[in-house]
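Working notes for the structure below.
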Amino acid sequence: MPQIFEAMTKNILVVDDEADLCEILKFNLEHEGYTVDTAGSAEEALALLQKRSYHLILLDIMMGGMSGFKMVELLRKEWKDETPIIFLTARDTENDMLTGFSVGADDYISKPFSIKEVIARVKAVIKRTEGIAALSEADTMKIKNMTIDLNAKQIYVDGRTVILTKTEFEILYYLAKNPEKVLSRDNILNVVWPNDTYVLERTVDVHITRLRKKLGDCGHWIKNRSGYGYCFDAEE
């Protein structure tokens, strides 16, 4: 997979089978200074992703052919691609939203939406991504058989690489650098999703459930303090 981004531009891929919507998003995002490609299907988007890297993908869920959910599962599980993804969809129930997060999306916007909202969400997700990239290159955190490499942005357990999304990495790092401290869902939301009033507390639970599963035997280090939040304790 290509790994090099062009100069200082931020590349965004818009995937939606509504051509008019793609053009509206492309026009407005380019006005904000982004470089934007569009695709009318998941299959077309996957072909583009084999040729070019993106800082963000705006992805519709219900499309002809492969769905947005299926595309994200493919990217995360088979391609090991952790490009940030925001779902754009008319499906706005809580279950649909949680499904979106559970398959690996970073955010979820319900249609109809305002262009200002989309731009604000795009900027927030890219800012969070850049925040992780800006961590000190010298930092490596070792906790028993787990290593958090802040340079490579990788987690290793018993020498095995654990594939995490950027959001999962941020949550784990925030918990691990505050060992034994109980952090409320609001604490985690404010750090991982700063200034984003659209993200629900339930989103934290979904991401932590997935994070525990990926960490295997180390997953039990993330403790649920009923009624309070979560804490990281590798000593219990």
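So you can find residues: chains in the structure tokens are A, B, ... in the order shown, residues in each start at 1, and ligands are numbered from 1 in order.
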
Task: Spatial neighbours of A:Lys213, max dist 12 Å, only C-alpha atoms, sep filter under 3 positions, as a list in words - done: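 The neighbour list is Ser102, Val162, Ile163, Leu164, Glu168, Val206, His207, Ile208, Thr209, Arg210, Gly216, Asp217, Cys218, Gly219, His220, Trp221 and Ile222 of chain A.
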
- [ ] Tell me which protein, DNA and RNA residues are within 7 Å of stretch 64-76 of chain A, counting only C-alpha atoms, leaving out same-chain ones fewer than 2 positions away, and put them as a list in words.
- [x] Ala42, Glu43, Leu59, Asp60, Ile61, Met62, Glu78, Trp79, Lys80, Asp81, Glu82, Gly100, Val103 and Gly104 of chain A

Export of the given selection (all heavy atoms) as a compact mmCIF listing (two decimals), in the first residue's frame:
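Everything below was put into out_24.txt:
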```txt
# COMPACT_ATOMS: atom_id res chain seq x y z
N ALA A 42 -17.76 1.58 -3.31
CA ALA A 42 -16.67 1.07 -2.48
C ALA A 42 -15.60 0.42 -3.35
O ALA A 42 -14.41 0.55 -3.07
CB ALA A 42 -17.23 0.06 -1.47
N GLU A 43 -16.04 -0.27 -4.40
CA GLU A 43 -15.08 -0.93 -5.27
C GLU A 43 -14.15 0.09 -5.94
O GLU A 43 -12.93 -0.12 -6.04
CB GLU A 43 -15.82 -1.75 -6.33
CG GLU A 43 -16.56 -2.98 -5.79
CD GLU A 43 -17.93 -2.66 -5.19
OE1 GLU A 43 -18.32 -1.48 -5.15
OE2 GLU A 43 -18.60 -3.61 -4.74
N LEU A 59 -17.21 8.32 3.96
CA LEU A 59 -17.74 7.09 3.36
C LEU A 59 -19.23 6.90 3.63
O LEU A 59 -19.67 6.88 4.78
CB LEU A 59 -16.95 5.90 3.92
CG LEU A 59 -17.37 4.49 3.50
CD1 LEU A 59 -17.23 4.30 1.99
CD2 LEU A 59 -16.53 3.46 4.25
N ASP A 60 -20.00 6.74 2.55
CA ASP A 60 -21.42 6.41 2.67
C ASP A 60 -21.55 4.94 3.08
O ASP A 60 -20.70 4.12 2.75
CB ASP A 60 -22.11 6.67 1.33
CG ASP A 60 -23.62 6.52 1.42
OD1 ASP A 60 -24.17 6.67 2.53
OD2 ASP A 60 -24.24 6.26 0.38
N ILE A 61 -22.64 4.62 3.78
CA ILE A 61 -22.85 3.22 4.20
C ILE A 61 -23.63 2.43 3.16
O ILE A 61 -23.20 1.37 2.70
CB ILE A 61 -23.59 3.16 5.55
CG1 ILE A 61 -22.67 3.66 6.67
CG2 ILE A 61 -24.04 1.72 5.85
CD1 ILE A 61 -23.32 3.68 8.04
N MET A 62 -24.79 2.96 2.74
CA MET A 62 -25.65 2.22 1.82
C MET A 62 -25.35 2.60 0.38
O MET A 62 -25.73 3.68 -0.08
CB MET A 62 -27.11 2.50 2.16
CG MET A 62 -27.51 2.08 3.56
SD MET A 62 -27.24 0.31 3.86
CE MET A 62 -28.42 -0.40 2.73
N GLU A 78 -8.26 -7.00 6.65
CA GLU A 78 -7.43 -7.65 5.63
C GLU A 78 -6.30 -6.75 5.13
O GLU A 78 -5.17 -7.21 4.97
CB GLU A 78 -8.31 -8.11 4.46
CG GLU A 78 -9.32 -9.19 4.85
CD GLU A 78 -10.08 -9.73 3.65
OE1 GLU A 78 -9.56 -9.65 2.52
OE2 GLU A 78 -11.21 -10.23 3.85
N TRP A 79 -6.60 -5.50 4.88
CA TRP A 79 -5.58 -4.59 4.36
C TRP A 79 -4.73 -3.98 5.46
O TRP A 79 -3.68 -3.42 5.20
CB TRP A 79 -6.24 -3.45 3.57
CG TRP A 79 -6.83 -3.87 2.26
CD1 TRP A 79 -7.33 -5.09 1.91
CD2 TRP A 79 -7.02 -3.02 1.11
NE1 TRP A 79 -7.82 -5.07 0.63
CE2 TRP A 79 -7.63 -3.81 0.11
CE3 TRP A 79 -6.72 -1.70 0.84
CZ2 TRP A 79 -7.95 -3.31 -1.15
CZ3 TRP A 79 -7.05 -1.19 -0.41
CH2 TRP A 79 -7.65 -1.99 -1.39
N LYS A 80 -5.19 -4.09 6.73
CA LYS A 80 -4.50 -3.47 7.86
C LYS A 80 -4.30 -1.97 7.62
O LYS A 80 -3.28 -1.39 7.99
CB LYS A 80 -3.14 -4.14 8.11
CG LYS A 80 -3.19 -5.65 8.25
CD LYS A 80 -4.13 -6.09 9.36
CE LYS A 80 -4.14 -7.62 9.50
NZ LYS A 80 -5.13 -8.08 10.49
N ASP A 81 -5.30 -1.36 7.02
CA ASP A 81 -5.26 0.07 6.70
C ASP A 81 -6.00 0.83 7.79
O ASP A 81 -7.16 0.58 8.06
CB ASP A 81 -5.93 0.31 5.34
CG ASP A 81 -5.80 1.74 4.84
OD1 ASP A 81 -6.05 2.65 5.65
OD2 ASP A 81 -5.47 1.94 3.66
N GLU A 82 -5.31 1.78 8.43
CA GLU A 82 -5.90 2.51 9.54
C GLU A 82 -6.22 3.97 9.19
O GLU A 82 -6.27 4.83 10.06
CB GLU A 82 -4.96 2.45 10.76
CG GLU A 82 -4.68 1.05 11.25
CD GLU A 82 -5.96 0.28 11.59
OE1 GLU A 82 -6.94 0.92 12.02
OE2 GLU A 82 -5.99 -0.95 11.43
N GLY A 100 -21.14 1.30 13.21
CA GLY A 100 -20.10 2.04 12.51
C GLY A 100 -18.82 2.13 13.30
O GLY A 100 -17.73 1.90 12.79
N VAL A 103 -16.96 -1.41 13.69
CA VAL A 103 -16.19 -1.95 12.55
C VAL A 103 -14.91 -1.15 12.30
O VAL A 103 -14.07 -1.57 11.51
CB VAL A 103 -17.02 -2.01 11.25
CG1 VAL A 103 -18.21 -2.95 11.41
CG2 VAL A 103 -17.46 -0.62 10.81
N GLY A 104 -14.77 -0.01 12.99
CA GLY A 104 -13.51 0.70 12.88
C GLY A 104 -13.58 2.13 12.39
O GLY A 104 -12.55 2.73 12.08
```

TODO: Please measure the separation of atom CA of A:Tyr156 and atom CA of A:Leu172, giving the value in Å to one decimal.
DONE: 12.4 Å

Task: Proximity to A:Ala47 - best of A:Leu211, A:Glu201, A:Met141, A:Val15, only C-alpha atoms - done: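 When distances to A:Ala47 are compared using only C-alpha atoms, the smallest one comes from A:Val15.
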
TODO: Name the closest residue to A:Val14 among the candidates A:Ile86, A:Leu215, A:Ile171, A:Met63; distances are taken between atoms, counting only C-alpha atoms.
DONE: A:Ile86

- [ ] Would you mind reading off the distance between atom CA of A:Asp20 and atom CA of A:Val199, one decimal, in Å?
- [x] 27.6 Å

Open item on the list: One decimal, in Å: what's the spacing between atom CA of A:Ala124 and atom CA of A:Tyr173?
Closed with: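 These two atoms are separated by 18.9 Å.
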
Open item on the list: Could you pull out the strand (DSSP E or B) residues of stretch 80-116 of chain A, going by DSSP on the backbone, and write them as a PyMOL selection string?
Closed with: chain A and resi 85-89+107-110

Mind writing the picked residues with N, CA and C atoms as a short mmCIF file (atom, residue, chain, number, x, y, z; two decimals), in the first residue's frame?
```cif
data_model
loop_
_atom_site.label_atom_id
_atom_site.label_comp_id
_atom_site.auth_asym_id
_atom_site.auth_seq_id
_atom_site.Cartn_x
_atom_site.Cartn_y
_atom_site.Cartn_z
N ILE A 85 -11.69 7.23 9.17
CA ILE A 85 -12.91 7.13 8.35
C ILE A 85 -14.08 7.79 9.08
N ILE A 86 -14.82 8.64 8.35
CA ILE A 86 -16.06 9.21 8.85
C ILE A 86 -17.20 8.68 7.98
N PHE A 87 -18.18 8.03 8.61
CA PHE A 87 -19.34 7.56 7.86
C PHE A 87 -20.30 8.72 7.60
N LEU A 88 -20.83 8.78 6.38
CA LEU A 88 -21.90 9.69 6.01
C LEU A 88 -23.09 8.82 5.64
N THR A 89 -24.21 8.95 6.39
CA THR A 89 -25.29 8.01 6.14
C THR A 89 -26.64 8.54 6.58
N ASP A 107 -15.69 8.40 13.14
CA ASP A 107 -16.78 9.34 13.39
C ASP A 107 -17.96 8.96 12.49
N TYR A 108 -19.10 9.60 12.73
CA TYR A 108 -20.36 9.20 12.09
C TYR A 108 -21.23 10.45 11.94
N ILE A 109 -21.62 10.78 10.72
CA ILE A 109 -22.45 11.96 10.48
C ILE A 109 -23.72 11.51 9.77
N SER A 110 -24.87 11.89 10.33
CA SER A 110 -26.16 11.50 9.75
C SER A 110 -26.61 12.49 8.69
#
```

Task: Nearest to A:Phe101 by atom-to-atom distance, counting only C-alpha atoms, from A:Leu13, A:Thr167, A:Arg185, A:Lys177 - done: A:Thr167

Neighbours of stretch 31-38 of chain A within 10 Å (only C-alpha atoms; same-chain residues fewer than 2 positions away dropped), as a CSV table (one decimal) with N, CA and C atoms, in the first residue's frame?
```
chain,number,residue,atom,x,y,z
A,6,GLU,N,1.5,13.5,-0.3
A,6,GLU,CA,2.1,14.6,-1.1
A,6,GLU,C,2.3,15.8,-0.3
A,8,MET,N,2.6,19.0,1.8
A,8,MET,CA,1.9,19.3,3.0
A,8,MET,C,0.4,19.2,2.9
A,9,THR,N,-0.1,18.8,1.7
A,9,THR,CA,-1.6,18.8,1.5
A,9,THR,C,-2.2,17.6,2.3
A,10,LYS,N,-3.5,17.8,2.6
A,10,LYS,CA,-4.3,16.8,3.2
A,10,LYS,C,-5.2,16.2,2.2
A,11,ASN,N,-5.0,14.9,1.9
A,11,ASN,CA,-5.7,14.2,0.9
A,11,ASN,C,-7.0,13.5,1.5
A,12,ILE,N,-8.1,13.8,0.9
A,12,ILE,CA,-9.4,13.2,1.4
A,12,ILE,C,-10.1,12.5,0.2
A,13,LEU,N,-10.6,11.3,0.6
A,13,LEU,CA,-11.4,10.5,-0.4
A,13,LEU,C,-12.8,10.5,0.0
A,14,VAL,N,-13.7,11.0,-0.9
A,14,VAL,CA,-15.2,11.0,-0.6
A,14,VAL,C,-15.8,9.8,-1.4
A,15,VAL,N,-16.5,9.0,-0.7
A,15,VAL,CA,-17.1,7.8,-1.3
A,15,VAL,C,-18.6,7.8,-1.1
A,16,ASP,N,-19.3,8.0,-2.2
A,16,ASP,CA,-20.8,8.1,-2.1
A,16,ASP,C,-21.4,7.8,-3.5
A,17,ASP,N,-22.5,7.1,-3.6
A,17,ASP,CA,-23.1,6.8,-4.9
A,17,ASP,C,-24.0,8.0,-5.4
A,19,ALA,N,-23.7,11.3,-7.0
A,19,ALA,CA,-22.7,12.1,-7.6
A,19,ALA,C,-22.7,13.6,-7.3
A,22,CYS,N,-21.2,14.1,-3.9
A,22,CYS,CA,-19.7,14.0,-4.0
A,22,CYS,C,-19.1,15.3,-4.5
A,23,GLU,N,-19.8,15.9,-5.5
A,23,GLU,CA,-19.3,17.2,-6.1
A,23,GLU,C,-19.4,18.3,-5.1
A,25,LEU,N,-19.4,18.1,-1.8
A,25,LEU,CA,-18.3,17.9,-0.7
A,25,LEU,C,-16.9,18.2,-1.3
A,26,LYS,N,-16.7,17.8,-2.5
A,26,LYS,CA,-15.4,18.1,-3.1
A,26,LYS,C,-15.2,19.6,-3.3
A,27,PHE,N,-16.2,20.3,-3.7
A,27,PHE,CA,-16.0,21.8,-3.9
A,27,PHE,C,-15.7,22.5,-2.6
A,28,ASN,N,-16.5,22.1,-1.6
A,28,ASN,CA,-16.4,22.8,-0.3
A,28,ASN,C,-15.1,22.4,0.5
A,29,LEU,N,-14.7,21.2,0.4
A,29,LEU,CA,-13.5,20.7,1.0
A,29,LEU,C,-12.2,21.3,0.3
A,40,GLY,N,-17.7,6.7,-6.7
A,40,GLY,CA,-19.1,6.4,-6.7
A,40,GLY,C,-19.4,5.1,-6.1
A,41,SER,N,-18.4,4.3,-5.6
A,41,SER,CA,-18.7,3.0,-5.0
A,41,SER,C,-17.5,2.6,-4.2
A,44,GLU,N,-14.7,1.2,-6.4
A,44,GLU,CA,-13.9,2.2,-7.0
A,44,GLU,C,-13.0,2.9,-6.0
A,45,ALA,N,-13.5,3.0,-4.8
A,45,ALA,CA,-12.6,3.6,-3.7
A,45,ALA,C,-11.4,2.7,-3.4
A,48,LEU,N,-8.7,3.1,-5.9
A,48,LEU,CA,-8.0,4.4,-5.6
A,48,LEU,C,-7.0,4.2,-4.4
A,54,TYR,N,-4.4,8.4,1.8
A,54,TYR,CA,-5.3,9.5,2.2
A,54,TYR,C,-5.2,9.8,3.7
A,55,HIS,N,-5.4,11.1,4.1
A,55,HIS,CA,-5.5,11.4,5.5
A,55,HIS,C,-6.8,11.1,6.1
A,56,LEU,N,-7.9,11.0,5.2
A,56,LEU,CA,-9.2,10.8,5.7
A,56,LEU,C,-10.1,10.3,4.6
A,57,ILE,N,-11.1,9.4,5.0
A,57,ILE,CA,-12.1,8.9,4.0
A,57,ILE,C,-13.5,9.3,4.6
A,58,LEU,N,-14.3,10.0,3.7
A,58,LEU,CA,-15.7,10.2,4.0
A,58,LEU,C,-16.5,9.1,3.3
A,119,ILE,N,-17.2,19.8,7.6
A,119,ILE,CA,-15.9,20.4,7.6
A,119,ILE,C,-15.3,20.5,9.1
A,123,LYS,N,-12.0,18.4,10.2
A,123,LYS,CA,-10.8,19.1,10.9
A,123,LYS,C,-10.5,18.5,12.2
```

Open item on the list: Between A:Lys51, A:Lys116, A:Arg202, A:Lys153, which residue has the minimum interatomic distance to A:Thr165, considering only C-alpha atoms?
Closed with: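 Of A:Lys51, A:Lys116, A:Arg202, A:Lys153, the one nearest A:Thr165, counting only C-alpha atoms, is A:Lys153.
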
Task: Nearest residue to A:Leu183 from the set A:Asp106, A:Asp233, A:Asp96, A:Glu30 (distances using only C-alpha atoms) - done: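 Counting only C-alpha atoms, the residue closest to A:Leu183 is A:Asp233.
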
Open item on the list: Counting only C-alpha atoms, which residue out of A:Ala234, A:Leu200, A:Val125, A:Leu21 sits closest to A:Lys166?
Closed with: A:Val125

Residues within 8 Å of A:Asn145, please, as an mmCIF file with N, CA, C and O atoms, in the first residue's frame. Count only C-alpha atoms; anything in the same chain fewer than 6 positions from it doesn't count.
```cif
data_model
loop_
_atom_site.group_PDB
_atom_site.id
_atom_site.type_symbol
_atom_site.label_atom_id
_atom_site.label_comp_id
_atom_site.auth_asym_id
_atom_site.auth_seq_id
_atom_site.Cartn_x
_atom_site.Cartn_y
_atom_site.Cartn_z
ATOM 1 N N VAL A 157 2.638 -6.919 22.084
ATOM 2 C CA VAL A 157 2.408 -7.782 23.232
ATOM 3 C C VAL A 157 3.153 -9.079 22.997
ATOM 4 O O VAL A 157 2.927 -9.760 21.991
ATOM 5 N N ASP A 158 4.098 -9.380 23.900
ATOM 6 C CA ASP A 158 4.964 -10.557 23.728
ATOM 7 C C ASP A 158 5.664 -10.527 22.378
ATOM 8 O O ASP A 158 5.852 -11.579 21.734
ATOM 9 N N GLY A 159 6.034 -9.332 21.923
ATOM 10 C CA GLY A 159 6.736 -9.173 20.654
ATOM 11 C C GLY A 159 5.840 -9.204 19.431
ATOM 12 O O GLY A 159 6.304 -9.003 18.316
#
```

TODO: Assign secondary structure with DSSP using the backbone only, and return the residues of stretch 133-178 of chain A in alpha helix (DSSP H) as JSON, numbers by chain.
DONE: {"A": [133, 166, 167, 168, 169, 170, 171, 172, 173, 174, 175, 176]}

May I have the selected residues written with N, CA, C and O atoms, as a tab-separated table (two decimals), in the first residue's frame?
```tsv
chain	number	residue	atom	x	y	z
A	133	ALA	N	0.57	11.67	15.61
A	133	ALA	CA	1.81	11.70	14.83
A	133	ALA	C	2.86	12.58	15.46
A	133	ALA	O	4.06	12.40	15.22
A	166	LYS	N	-6.25	4.43	15.10
A	166	LYS	CA	-5.66	5.60	15.76
A	166	LYS	C	-6.42	5.96	17.02
A	166	LYS	O	-5.83	6.35	18.03
A	167	THR	N	-7.74	5.84	16.99
A	167	THR	CA	-8.55	6.16	18.16
A	167	THR	C	-8.27	5.18	19.28
A	167	THR	O	-8.12	5.57	20.44
A	168	GLU	N	-8.18	3.89	18.96
A	168	GLU	CA	-7.86	2.89	19.98
A	168	GLU	C	-6.49	3.14	20.58
A	168	GLU	O	-6.29	3.01	21.80
A	169	PHE	N	-5.52	3.52	19.73
A	169	PHE	CA	-4.18	3.81	20.22
A	169	PHE	C	-4.22	4.97	21.20
A	169	PHE	O	-3.59	4.93	22.26
A	170	GLU	N	-4.96	6.03	20.87
A	170	GLU	CA	-5.04	7.20	21.74
A	170	GLU	C	-5.67	6.85	23.08
A	170	GLU	O	-5.21	7.32	24.13
A	171	ILE	N	-6.73	6.04	23.05
A	171	ILE	CA	-7.38	5.65	24.30
A	171	ILE	C	-6.42	4.84	25.17
A	171	ILE	O	-6.28	5.11	26.38
A	172	LEU	N	-5.75	3.85	24.58
A	172	LEU	CA	-4.83	3.02	25.34
A	172	LEU	C	-3.69	3.85	25.92
A	172	LEU	O	-3.33	3.71	27.10
A	173	TYR	N	-3.12	4.73	25.11
A	173	TYR	CA	-2.00	5.56	25.58
A	173	TYR	C	-2.44	6.47	26.72
A	173	TYR	O	-1.73	6.62	27.72
A	174	TYR	N	-3.63	7.06	26.60
A	174	TYR	CA	-4.13	7.95	27.65
A	174	TYR	C	-4.35	7.19	28.96
A	174	TYR	O	-3.98	7.66	30.04
A	175	LEU	N	-4.91	5.99	28.87
A	175	LEU	CA	-5.12	5.18	30.06
A	175	LEU	C	-3.79	4.73	30.67
A	175	LEU	O	-3.58	4.80	31.88
A	176	ALA	N	-2.87	4.26	29.80
A	176	ALA	CA	-1.60	3.70	30.27
A	176	ALA	C	-0.70	4.74	30.92
A	176	ALA	O	0.07	4.43	31.83
```
